[in-house]
Structure formats: structure tokens, C-alpha cells
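File shown here: start.txt, holding compact mmCIF, N, CA and C atoms.
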# COMPACT_ATOMS: atom_id res chain seq x y z
N MET A 872 -10.44 16.13 -10.67
CA MET A 872 -11.54 15.62 -9.90
C MET A 872 -11.01 14.87 -8.69
N ILE A 873 -10.55 15.62 -7.75
CA ILE A 873 -9.93 15.03 -6.57
C ILE A 873 -10.97 14.47 -5.60
N GLN A 874 -12.25 14.76 -5.82
CA GLN A 874 -13.28 14.31 -4.88
C GLN A 874 -13.82 12.92 -5.22
N ARG A 875 -13.15 12.16 -6.02
CA ARG A 875 -13.59 10.82 -6.41
C ARG A 875 -13.29 9.80 -5.30
N ILE A 876 -13.92 8.64 -5.41
CA ILE A 876 -13.78 7.60 -4.39
C ILE A 876 -12.36 7.04 -4.34
N GLN A 877 -11.66 7.04 -5.49
CA GLN A 877 -10.29 6.53 -5.47
C GLN A 877 -9.37 7.42 -4.63
N THR A 878 -9.72 8.68 -4.49
CA THR A 878 -8.94 9.56 -3.63
C THR A 878 -9.03 9.11 -2.18
N ILE A 879 -10.20 8.67 -1.76
CA ILE A 879 -10.37 8.18 -0.40
C ILE A 879 -9.55 6.90 -0.20
N PHE A 880 -9.62 5.99 -1.18
CA PHE A 880 -8.85 4.75 -1.07
C PHE A 880 -7.35 5.03 -1.04
N LEU A 881 -6.88 5.95 -1.89
CA LEU A 881 -5.45 6.27 -1.91
C LEU A 881 -5.03 7.00 -0.64
N ALA A 882 -5.90 7.83 -0.09
CA ALA A 882 -5.58 8.50 1.18
C ALA A 882 -5.50 7.48 2.31
N LEU A 883 -6.36 6.47 2.28
CA LEU A 883 -6.26 5.40 3.27
C LEU A 883 -4.96 4.63 3.15
N VAL A 884 -4.54 4.38 1.92
CA VAL A 884 -3.25 3.69 1.71
C VAL A 884 -2.11 4.55 2.24
N ALA A 885 -2.15 5.85 1.95
CA ALA A 885 -1.09 6.74 2.45
C ALA A 885 -1.08 6.78 3.97
N LEU A 886 -2.25 6.79 4.57
CA LEU A 886 -2.33 6.81 6.03
C LEU A 886 -1.88 5.48 6.63
N ILE A 887 -2.32 4.38 6.03
CA ILE A 887 -1.95 3.06 6.53
C ILE A 887 -0.44 2.84 6.40
N ALA A 888 0.11 3.14 5.22
CA ALA A 888 1.54 2.87 4.99
C ALA A 888 2.43 3.92 5.62
N GLY A 889 1.93 5.14 5.80
CA GLY A 889 2.77 6.20 6.32
C GLY A 889 2.82 6.29 7.83
N ALA A 890 1.75 5.90 8.51
CA ALA A 890 1.70 6.09 9.96
C ALA A 890 1.57 4.79 10.75
N LEU A 891 0.77 3.87 10.25
CA LEU A 891 0.46 2.67 11.02
C LEU A 891 1.66 1.78 11.35
N PRO A 892 2.64 1.59 10.43
CA PRO A 892 3.78 0.72 10.78
C PRO A 892 4.64 1.27 11.91
N PHE A 893 4.50 2.55 12.19
CA PHE A 893 5.31 3.15 13.24
C PHE A 893 4.54 3.23 14.56
N ILE A 894 3.27 2.82 14.52
CA ILE A 894 2.44 2.77 15.73
C ILE A 894 2.23 1.33 16.16
N VAL A 895 1.98 0.45 15.19
CA VAL A 895 1.71 -0.97 15.45
C VAL A 895 3.00 -1.75 15.24
N HIS A 896 3.31 -2.67 16.17
CA HIS A 896 4.56 -3.42 16.04
C HIS A 896 4.44 -4.51 14.98
N LEU A 897 5.57 -4.77 14.32
CA LEU A 897 5.62 -5.77 13.26
C LEU A 897 5.77 -7.17 13.84
N TRP A 898 6.63 -7.31 14.81
CA TRP A 898 6.81 -8.59 15.49
C TRP A 898 7.46 -8.33 16.83
N THR A 899 7.51 -9.39 17.64
CA THR A 899 8.14 -9.32 18.95
C THR A 899 9.27 -10.34 18.98
N ASP A 900 10.45 -9.92 19.43
CA ASP A 900 11.56 -10.87 19.46
C ASP A 900 11.50 -11.72 20.73
N GLU A 901 12.49 -12.59 20.90
CA GLU A 901 12.45 -13.55 22.00
C GLU A 901 12.56 -12.91 23.37
N THR A 902 13.06 -11.69 23.46
CA THR A 902 13.15 -11.00 24.75
C THR A 902 11.89 -10.23 25.08
N GLY A 903 10.93 -10.20 24.17
CA GLY A 903 9.69 -9.48 24.39
C GLY A 903 9.71 -8.05 23.88
N THR A 904 10.79 -7.67 23.21
CA THR A 904 10.89 -6.33 22.66
C THR A 904 10.08 -6.25 21.37
N GLU A 905 9.24 -5.23 21.29
CA GLU A 905 8.43 -5.05 20.09
C GLU A 905 9.26 -4.35 19.02
N ILE A 906 9.27 -4.90 17.83
CA ILE A 906 10.03 -4.36 16.71
C ILE A 906 9.05 -3.58 15.81
N PHE A 907 9.36 -2.32 15.60
CA PHE A 907 8.56 -1.44 14.74
C PHE A 907 9.29 -1.25 13.41
N ALA A 908 8.63 -0.64 12.45
CA ALA A 908 9.25 -0.38 11.15
C ALA A 908 10.39 0.62 11.28
N LYS A 909 10.31 1.52 12.27
CA LYS A 909 11.37 2.52 12.43
C LYS A 909 12.68 1.90 12.91
N ASP A 910 12.63 0.66 13.39
CA ASP A 910 13.85 -0.01 13.83
C ASP A 910 14.67 -0.55 12.67
N SER A 911 14.09 -0.67 11.51
CA SER A 911 14.78 -1.16 10.32
C SER A 911 14.67 -0.12 9.21
N LEU A 912 15.78 0.28 8.67
CA LEU A 912 15.80 1.30 7.63
C LEU A 912 15.11 0.82 6.36
N GLY A 913 15.30 -0.42 6.00
CA GLY A 913 14.69 -0.96 4.78
C GLY A 913 13.18 -0.98 4.85
N TYR A 914 12.65 -1.44 5.98
CA TYR A 914 11.20 -1.49 6.13
C TYR A 914 10.60 -0.08 6.17
N SER A 915 11.24 0.81 6.89
CA SER A 915 10.69 2.17 6.97
C SER A 915 10.76 2.87 5.62
N LEU A 916 11.81 2.66 4.84
CA LEU A 916 11.88 3.26 3.51
C LEU A 916 10.81 2.68 2.58
N ALA A 917 10.55 1.38 2.69
CA ALA A 917 9.52 0.76 1.85
C ALA A 917 8.13 1.29 2.21
N PHE A 918 7.87 1.44 3.50
CA PHE A 918 6.56 1.98 3.90
C PHE A 918 6.42 3.45 3.49
N TYR A 919 7.49 4.22 3.65
CA TYR A 919 7.43 5.63 3.22
C TYR A 919 7.28 5.73 1.70
N ALA A 920 7.93 4.86 0.97
CA ALA A 920 7.81 4.89 -0.50
C ALA A 920 6.37 4.54 -0.92
N SER A 921 5.76 3.61 -0.24
CA SER A 921 4.38 3.25 -0.54
C SER A 921 3.44 4.41 -0.25
N ALA A 922 3.63 5.07 0.87
CA ALA A 922 2.80 6.23 1.21
C ALA A 922 3.02 7.37 0.22
N LEU A 923 4.27 7.58 -0.18
CA LEU A 923 4.58 8.64 -1.14
C LEU A 923 3.97 8.35 -2.50
N LEU A 924 4.04 7.11 -2.95
CA LEU A 924 3.43 6.74 -4.22
C LEU A 924 1.91 6.96 -4.20
N ALA A 925 1.29 6.65 -3.07
CA ALA A 925 -0.16 6.87 -2.95
C ALA A 925 -0.49 8.36 -2.98
N LEU A 926 0.32 9.17 -2.31
CA LEU A 926 0.08 10.62 -2.33
C LEU A 926 0.29 11.21 -3.72
N ILE A 927 1.30 10.74 -4.41
CA ILE A 927 1.54 11.22 -5.78
C ILE A 927 0.39 10.82 -6.68
N ALA A 928 -0.11 9.60 -6.49
CA ALA A 928 -1.22 9.12 -7.32
C ALA A 928 -2.49 9.92 -7.07
N ILE A 929 -2.68 10.41 -5.86
CA ILE A 929 -3.86 11.23 -5.57
C ILE A 929 -3.87 12.48 -6.44
N PHE A 930 -2.72 13.11 -6.58
CA PHE A 930 -2.64 14.37 -7.31
C PHE A 930 -2.42 14.20 -8.81
N MET A 931 -2.43 12.96 -9.28
CA MET A 931 -2.35 12.70 -10.72
C MET A 931 -3.73 12.40 -11.29
N PHE A 932 -4.76 13.03 -10.73
CA PHE A 932 -6.14 12.72 -11.13
C PHE A 932 -6.45 13.14 -12.55
N LYS A 933 -5.65 14.03 -13.14
CA LYS A 933 -5.91 14.45 -14.52
C LYS A 933 -5.43 13.41 -15.53
N ASN A 934 -4.48 12.59 -15.14
CA ASN A 934 -3.95 11.56 -16.03
C ASN A 934 -4.24 10.20 -15.40
N ARG A 935 -5.39 9.65 -15.73
CA ARG A 935 -5.85 8.42 -15.09
C ARG A 935 -4.97 7.22 -15.43
N GLN A 936 -4.42 7.18 -16.62
CA GLN A 936 -3.57 6.03 -16.99
C GLN A 936 -2.30 6.01 -16.14
N ASN A 937 -1.67 7.16 -15.96
CA ASN A 937 -0.47 7.20 -15.11
C ASN A 937 -0.82 6.91 -13.65
N GLN A 938 -1.98 7.35 -13.22
CA GLN A 938 -2.43 7.06 -11.86
C GLN A 938 -2.62 5.56 -11.68
N PHE A 939 -3.18 4.92 -12.68
CA PHE A 939 -3.39 3.47 -12.67
C PHE A 939 -2.05 2.74 -12.59
N VAL A 940 -1.09 3.16 -13.41
CA VAL A 940 0.23 2.52 -13.43
C VAL A 940 0.97 2.75 -12.11
N LEU A 941 0.85 3.94 -11.56
CA LEU A 941 1.50 4.24 -10.29
C LEU A 941 0.92 3.36 -9.17
N ASN A 942 -0.37 3.12 -9.22
CA ASN A 942 -0.98 2.22 -8.23
C ASN A 942 -0.50 0.79 -8.41
N ARG A 943 -0.30 0.38 -9.65
CA ARG A 943 0.25 -0.96 -9.89
C ARG A 943 1.66 -1.09 -9.32
N LEU A 944 2.47 -0.06 -9.51
CA LEU A 944 3.83 -0.08 -8.94
C LEU A 944 3.77 -0.14 -7.42
N ASN A 945 2.82 0.58 -6.85
CA ASN A 945 2.66 0.55 -5.39
C ASN A 945 2.23 -0.83 -4.92
N MET A 946 1.38 -1.50 -5.70
CA MET A 946 0.99 -2.87 -5.35
C MET A 946 2.18 -3.81 -5.39
N ILE A 947 3.03 -3.65 -6.40
CA ILE A 947 4.23 -4.50 -6.50
C ILE A 947 5.15 -4.26 -5.32
N LEU A 948 5.32 -2.99 -4.92
CA LEU A 948 6.14 -2.67 -3.75
C LEU A 948 5.56 -3.31 -2.50
N ASN A 949 4.26 -3.25 -2.33
CA ASN A 949 3.63 -3.87 -1.17
C ASN A 949 3.72 -5.39 -1.21
N LEU A 950 3.67 -5.98 -2.42
CA LEU A 950 3.86 -7.43 -2.53
C LEU A 950 5.27 -7.84 -2.12
N PHE A 951 6.27 -7.05 -2.53
CA PHE A 951 7.64 -7.34 -2.10
C PHE A 951 7.77 -7.21 -0.59
N LEU A 952 7.15 -6.19 -0.03
CA LEU A 952 7.20 -5.99 1.42
C LEU A 952 6.52 -7.15 2.15
N LEU A 953 5.39 -7.59 1.62
CA LEU A 953 4.70 -8.74 2.20
C LEU A 953 5.55 -10.00 2.07
N GLY A 954 6.22 -10.15 0.94
CA GLY A 954 7.12 -11.29 0.75
C GLY A 954 8.27 -11.28 1.73
N PHE A 955 8.84 -10.10 2.00
CA PHE A 955 9.91 -10.02 3.01
C PHE A 955 9.40 -10.42 4.38
N PHE A 956 8.19 -9.99 4.72
CA PHE A 956 7.63 -10.35 6.02
C PHE A 956 7.37 -11.85 6.12
N VAL A 957 6.84 -12.43 5.05
CA VAL A 957 6.57 -13.87 5.06
C VAL A 957 7.88 -14.65 5.12
N TYR A 958 8.87 -14.23 4.35
CA TYR A 958 10.17 -14.90 4.39
C TYR A 958 10.78 -14.82 5.78
N ARG A 959 10.71 -13.64 6.38
CA ARG A 959 11.30 -13.47 7.71
C ARG A 959 10.58 -14.33 8.74
N SER A 960 9.28 -14.42 8.63
CA SER A 960 8.54 -15.18 9.64
C SER A 960 8.63 -16.70 9.42
N LEU A 961 8.80 -17.14 8.18
CA LEU A 961 8.83 -18.58 7.92
C LEU A 961 10.23 -19.17 7.91
N SER A 962 11.25 -18.37 7.65
CA SER A 962 12.60 -18.93 7.54
C SER A 962 13.27 -19.10 8.89
N LEU A 963 12.75 -18.48 9.91
CA LEU A 963 13.36 -18.59 11.22
C LEU A 963 12.66 -19.67 12.03
N SER A 964 13.44 -20.49 12.67
CA SER A 964 12.85 -21.59 13.42
C SER A 964 12.92 -21.32 14.91
N GLY A 965 11.95 -21.83 15.61
CA GLY A 965 11.96 -21.76 17.06
C GLY A 965 11.96 -20.36 17.61
N GLU A 966 12.85 -20.14 18.55
CA GLU A 966 12.91 -18.85 19.24
C GLU A 966 14.10 -18.02 18.79
N THR A 967 14.41 -18.06 17.51
CA THR A 967 15.51 -17.22 17.05
C THR A 967 15.13 -15.75 17.16
N PRO A 968 15.20 -14.94 16.16
CA PRO A 968 14.86 -13.53 16.35
C PRO A 968 13.38 -13.20 16.41
N VAL A 969 12.52 -14.06 15.91
CA VAL A 969 11.09 -13.74 15.90
C VAL A 969 10.35 -14.82 16.66
N SER A 970 9.67 -14.43 17.73
CA SER A 970 8.90 -15.42 18.45
C SER A 970 7.41 -15.17 18.32
N GLU A 971 7.01 -13.94 18.04
CA GLU A 971 5.59 -13.63 17.90
C GLU A 971 5.40 -12.63 16.78
N LYS A 972 4.50 -12.96 15.87
CA LYS A 972 4.22 -12.06 14.76
C LYS A 972 3.24 -11.01 15.23
N GLY A 973 3.43 -9.79 14.76
CA GLY A 973 2.54 -8.70 15.13
C GLY A 973 1.52 -8.44 14.04
N ILE A 974 0.54 -7.65 14.37
CA ILE A 974 -0.50 -7.29 13.41
C ILE A 974 0.07 -6.39 12.31
N GLY A 975 1.19 -5.77 12.55
CA GLY A 975 1.81 -4.89 11.57
C GLY A 975 2.26 -5.61 10.31
N MET A 976 2.39 -6.93 10.38
CA MET A 976 2.79 -7.68 9.19
C MET A 976 1.67 -7.74 8.16
N LEU A 977 0.45 -7.40 8.55
CA LEU A 977 -0.68 -7.41 7.64
C LEU A 977 -0.92 -6.06 6.96
N ILE A 978 -0.14 -5.07 7.28
CA ILE A 978 -0.31 -3.73 6.71
C ILE A 978 -0.20 -3.75 5.19
N PRO A 979 0.77 -4.46 4.58
CA PRO A 979 0.80 -4.51 3.11
C PRO A 979 -0.44 -5.14 2.51
N VAL A 980 -1.07 -6.08 3.20
CA VAL A 980 -2.29 -6.71 2.68
C VAL A 980 -3.40 -5.68 2.59
N PHE A 981 -3.57 -4.88 3.66
CA PHE A 981 -4.60 -3.85 3.65
C PHE A 981 -4.31 -2.80 2.57
N SER A 982 -3.05 -2.46 2.41
CA SER A 982 -2.69 -1.49 1.37
C SER A 982 -3.02 -2.03 -0.02
N ILE A 983 -2.73 -3.29 -0.26
CA ILE A 983 -3.00 -3.89 -1.56
C ILE A 983 -4.51 -3.90 -1.84
N VAL A 984 -5.30 -4.22 -0.82
CA VAL A 984 -6.76 -4.24 -1.01
C VAL A 984 -7.27 -2.86 -1.39
N PHE A 985 -6.82 -1.83 -0.69
CA PHE A 985 -7.28 -0.47 -1.01
C PHE A 985 -6.75 0.00 -2.37
N LEU A 986 -5.55 -0.44 -2.75
CA LEU A 986 -5.04 -0.07 -4.07
C LEU A 986 -5.83 -0.75 -5.18
N VAL A 987 -6.25 -1.99 -4.96
CA VAL A 987 -7.08 -2.67 -5.95
C VAL A 987 -8.43 -1.96 -6.09
N LEU A 988 -9.02 -1.57 -4.97
CA LEU A 988 -10.28 -0.83 -5.02
C LEU A 988 -10.12 0.51 -5.74
N ALA A 989 -9.01 1.18 -5.50
CA ALA A 989 -8.75 2.45 -6.18
C ALA A 989 -8.58 2.23 -7.68
N ASN A 990 -7.88 1.18 -8.07
CA ASN A 990 -7.69 0.91 -9.49
C ASN A 990 -9.01 0.55 -10.17
N ARG A 991 -9.88 -0.14 -9.46
CA ARG A 991 -11.19 -0.45 -10.04
C ARG A 991 -11.99 0.84 -10.27
N ALA A 992 -11.91 1.77 -9.33
CA ALA A 992 -12.63 3.04 -9.50
C ALA A 992 -12.02 3.87 -10.63
N ILE A 993 -10.70 3.85 -10.75
CA ILE A 993 -10.04 4.57 -11.84
C ILE A 993 -10.44 3.97 -13.18
N LYS A 994 -10.47 2.65 -13.25
CA LYS A 994 -10.89 1.97 -14.48
C LYS A 994 -12.33 2.30 -14.83
N LYS A 995 -13.18 2.37 -13.84
CA LYS A 995 -14.58 2.72 -14.07
C LYS A 995 -14.69 4.16 -14.61
N ASP A 996 -13.90 5.08 -14.06
CA ASP A 996 -13.89 6.46 -14.57
C ASP A 996 -13.39 6.51 -16.01
N GLU A 997 -12.36 5.76 -16.29
CA GLU A 997 -11.79 5.74 -17.64
C GLU A 997 -12.81 5.18 -18.64
N ASP A 998 -13.51 4.14 -18.26
CA ASP A 998 -14.54 3.57 -19.14
C ASP A 998 -15.68 4.56 -19.36
N LEU A 999 -16.04 5.30 -18.32
CA LEU A 999 -17.10 6.30 -18.45
C LEU A 999 -16.70 7.42 -19.41
N VAL A 1000 -15.46 7.87 -19.32
CA VAL A 1000 -14.98 8.92 -20.22
C VAL A 1000 -14.93 8.42 -21.65
N LYS A 1001 -14.50 7.18 -21.84
CA LYS A 1001 -14.45 6.62 -23.20
C LYS A 1001 -15.84 6.46 -23.79
N SER A 1002 -16.82 6.10 -22.97
CA SER A 1002 -18.17 5.94 -23.48
C SER A 1002 -18.79 7.29 -23.84
N VAL A 1003 -18.46 8.32 -23.12
CA VAL A 1003 -18.96 9.67 -23.44
C VAL A 1003 -18.29 10.18 -24.71
N ASP A 1004 -17.02 9.86 -24.90
CA ASP A 1004 -16.32 10.29 -26.11
C ASP A 1004 -16.90 9.62 -27.34
N ARG A 1005 -17.42 8.41 -27.22
CA ARG A 1005 -18.03 7.73 -28.35
C ARG A 1005 -19.31 8.41 -28.80
N LEU A 1006 -20.00 9.03 -27.85
CA LEU A 1006 -21.27 9.68 -28.19
C LEU A 1006 -21.07 10.97 -28.96
N ARG A 1007 -19.91 11.58 -28.84
CA ARG A 1007 -19.68 12.85 -29.54
C ARG A 1007 -19.41 12.68 -30.98
Just give me the structure as C-alpha cells.
Amino acid sequence: MIQRIQTIFLALVALIAGALPFIVHLWTDETGTEIFAKDSLGYSLAFYASALLALIAIFMFKNRQNQFVLNRLNMILNLFLLGFFVYRSLSLSGETPVSEKGIGMLIPVFSIVFLVLANRAIKKDEDLVKSVDRLR
């Protein structure tokens, strides 16, 4: 049942994590150069892994429990990514390497929100299937 609402949420996560960090800058350094995710191998791998996990979860619609767990792993990955961004922005003082934070630092937050919404829809589907099984 790929036409469920969680598919839309997971597709949004894949789109946000797969394309947006390479279009929107993460921060601007003291020289005014915009830093994107493609400038750092670690950040780009984390964003690609998040997008890949969301795409894999879309096609695991037959096994809702594994889809749920995969979304949880994706949330943990996005929390680590958000933690790296917060650490990088708070540990540097003054005009060292980061002088202006970009909107790209909020991408993991949006991904986490959509993953939570997808997990709620998956849980609702699972509860519906269990309630129908009780009637048989």
C-alpha cells in the first residue's frame, strides 16, 4: 500500500535530506563564503544516508514494524546531525570559522518532524490491522 500518507511524509524527508542541503547553505564563514553540505564529506554522507533510509522505508510498506524501526534509526541519524550543527555553531566564538548560521542547519529538524508524522501514520495503520484481526 504505497499510496498511504506515510509515503508522502517519507518522500518529503527523502527530498529534504537528499536535495535541499546541496541547494541551501548551512552557514557562512568569516570571508562570506557560503558552506554547503557538499563541501564536507561527513555532512553529505549523513544527508545521503538519511535520504536513502527514507527511500528504503517507503518500499518496506509490507512490513510496517521494520518500516517503523527504520524511521526511528533515521530520526537518530538526524538527531546526531542536528547535534553536530549545534556543537559547531555554539563551540566557536566570535569570527572564527562560522560567522552566520544558514537556514540549512534546520534541515534535520524538518526531517525529524516528517519522520514523526510518518511513524504516527504507520502506528495508526498497524493498530487498524490489529483491530481487524481481532474481529476475525
Excluding Ile993 in chain A and residues on its chain fewer than 6 positions from it, collect all residues at most 10 Å away from it, counting only C-alpha atoms, and give them as an MDAnalysis selection string.
-> chainID A and resid 875:878 932 935:936 938:939 987 999
Can you tell me, as an NGL selection string, what residues are no more than 6.5 Å from Leu926 in chain A when counting all atoms listed in the file, ignoring any on the same chain fewer than 4 positions away?
-> :A and (881 or 885 or 921-922 or 930-931)
Within chain A, find each residue whose DSSP state, derived from the backbone, is alpha helix (DSSP H), and express the selection as a PyMOL selection string.
-> chain A and resi 876-889+912-929+935-962+978-1006
Select, from A:Asn945, A:Ser960, A:Asn990, A:Asn934, the residue with the minimum atom-to-atom distance to Tyr919 in chain A, counting only C-alpha atoms.
->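 Once distances to Tyr919 in chain A are computed over only C-alpha atoms, the minimum belongs to A:Asn945.
With atom N of Asp900 in chain A on one side and atom N of Val984 in chain A on the other, the separation reads 26.3 Å.
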Near range 956-959 of chain A, counting only C-alpha atoms, which residues have an atom at most 10 Å away, once you skip same-chain residues fewer than 6 positions from it, shown as number ranges by chain?
-> A: 897-898, 914, 950, 968-969, 972, 975-977, 979
Restricting it to N, CA and C atoms, dump the selection as an mmCIF file, in the coordinates of the input.
data_model
loop_
_atom_site.group_PDB
_atom_site.id
_atom_site.type_symbol
_atom_site.label_atom_id
_atom_site.label_comp_id
_atom_site.auth_asym_id
_atom_site.auth_seq_id
_atom_site.Cartn_x
_atom_site.Cartn_y
_atom_site.Cartn_z
ATOM 1 N N LEU A 897 5.570 -4.770 14.320
ATOM 2 C CA LEU A 897 5.620 -5.770 13.260
ATOM 3 C C LEU A 897 5.770 -7.170 13.840
ATOM 4 N N TRP A 898 6.630 -7.310 14.810
ATOM 5 C CA TRP A 898 6.810 -8.590 15.490
ATOM 6 C C TRP A 898 7.460 -8.330 16.830
ATOM 7 N N TYR A 914 12.650 -1.440 5.980
ATOM 8 C CA TYR A 914 11.200 -1.490 6.130
ATOM 9 C C TYR A 914 10.600 -0.080 6.170
ATOM 10 N N LEU A 950 3.670 -5.980 -2.420
ATOM 11 C CA LEU A 950 3.860 -7.430 -2.530
ATOM 12 C C LEU A 950 5.270 -7.840 -2.120
ATOM 13 N N PRO A 968 15.200 -14.940 16.160
ATOM 14 C CA PRO A 968 14.860 -13.530 16.350
ATOM 15 C C PRO A 968 13.380 -13.200 16.410
ATOM 16 N N VAL A 969 12.520 -14.060 15.910
ATOM 17 C CA VAL A 969 11.090 -13.740 15.900
ATOM 18 C C VAL A 969 10.350 -14.820 16.660
ATOM 19 N N LYS A 972 4.500 -12.960 15.870
ATOM 20 C CA LYS A 972 4.220 -12.060 14.760
ATOM 21 C C LYS A 972 3.240 -11.010 15.230
ATOM 22 N N GLY A 975 1.190 -5.770 12.550
ATOM 23 C CA GLY A 975 1.810 -4.890 11.570
ATOM 24 C C GLY A 975 2.260 -5.610 10.310
ATOM 25 N N MET A 976 2.390 -6.930 10.380
ATOM 26 C CA MET A 976 2.790 -7.680 9.190
ATOM 27 C C MET A 976 1.670 -7.740 8.160
ATOM 28 N N LEU A 977 0.450 -7.400 8.550
ATOM 29 C CA LEU A 977 -0.680 -7.410 7.640
ATOM 30 C C LEU A 977 -0.920 -6.060 6.960
ATOM 31 N N PRO A 979 0.770 -4.460 4.580
ATOM 32 C CA PRO A 979 0.800 -4.510 3.110
ATOM 33 C C PRO A 979 -0.440 -5.140 2.510
#
Distance CA of Gly954 in chain A-CA of Phe893 in chain A, one decimal place?
->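 Straight-line distance from CA of Gly954 in chain A to CA of Phe893 in chain A works out to 19.2 Å.
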For CA of Ile927 in chain A and CA of Phe907 in chain A, determine how far apart the two atoms are, in Å to one decimal place.
->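 One can read the CA of Ile927 in chain A to CA of Phe907 in chain A distance as 25.1 Å.
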Residue nearest Ser915 in chain A - candidates A:Asn937, A:Lys994, A:Thr899, A:Leu891, atoms counted: only C-alpha atoms |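 Comparing A:Asn937, A:Lys994, A:Thr899, A:Leu891 against Ser915 in chain A, the winner is A:Leu891.
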Counting only C-alpha atoms, figure out which residue out of A:Leu948, A:Ile894, A:Val940, A:Ala925 gets nearest to Phe985 in chain A.
->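 Closest to Phe985 in chain A, using only C-alpha atoms: A:Ala925.
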Could you tell me, as a list in words, which residues of chain A DSSP assigns to strand (DSSP E) when given the backbone?
-> Trp898, Thr899, Glu905, Ile906, Glu971 and Lys972 of chain A
Just to be explicit: take each residue in the selection above, keep N, CA and C atoms, and write the result as a JSON list (two decimals), in the coordinates of the input.
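So the final result, stored in out_20.json, reads:
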[["chain", "number", "residue", "atom", "x", "y", "z"],
["A", 898, "TRP", "N", 6.63, -7.31, 14.81],
["A", 898, "TRP", "CA", 6.81, -8.59, 15.49],
["A", 898, "TRP", "C", 7.46, -8.33, 16.83],
["A", 899, "THR", "N", 7.51, -9.39, 17.64],
["A", 899, "THR", "CA", 8.14, -9.32, 18.95],
["A", 899, "THR", "C", 9.27, -10.34, 18.98],
["A", 905, "GLU", "N", 9.24, -5.23, 21.29],
["A", 905, "GLU", "CA", 8.43, -5.05, 20.09],
["A", 905, "GLU", "C", 9.26, -4.35, 19.02],
["A", 906, "ILE", "N", 9.27, -4.90, 17.83],
["A", 906, "ILE", "CA", 10.03, -4.36, 16.71],
["A", 906, "ILE", "C", 9.05, -3.58, 15.81],
["A", 971, "GLU", "N", 7.01, -13.94, 18.04],
["A", 971, "GLU", "CA", 5.59, -13.63, 17.90],
["A", 971, "GLU", "C", 5.40, -12.63, 16.78],
["A", 972, "LYS", "N", 4.50, -12.96, 15.87],
["A", 972, "LYS", "CA", 4.22, -12.06, 14.76],
["A", 972, "LYS", "C", 3.24, -11.01, 15.23]]
Find the residue from A:Leu952, A:Ile978, A:Leu961, A:Ala992 that sits nearest to Gly913 in chain A; use only C-alpha atoms when measuring.
-> A:Leu952
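Distance check against Ile929 in chain A using only N, CA and C atoms: of A:Ala882, A:Ile974, A:Val1003, A:Leu988, the minimum falls on A:Ala882.
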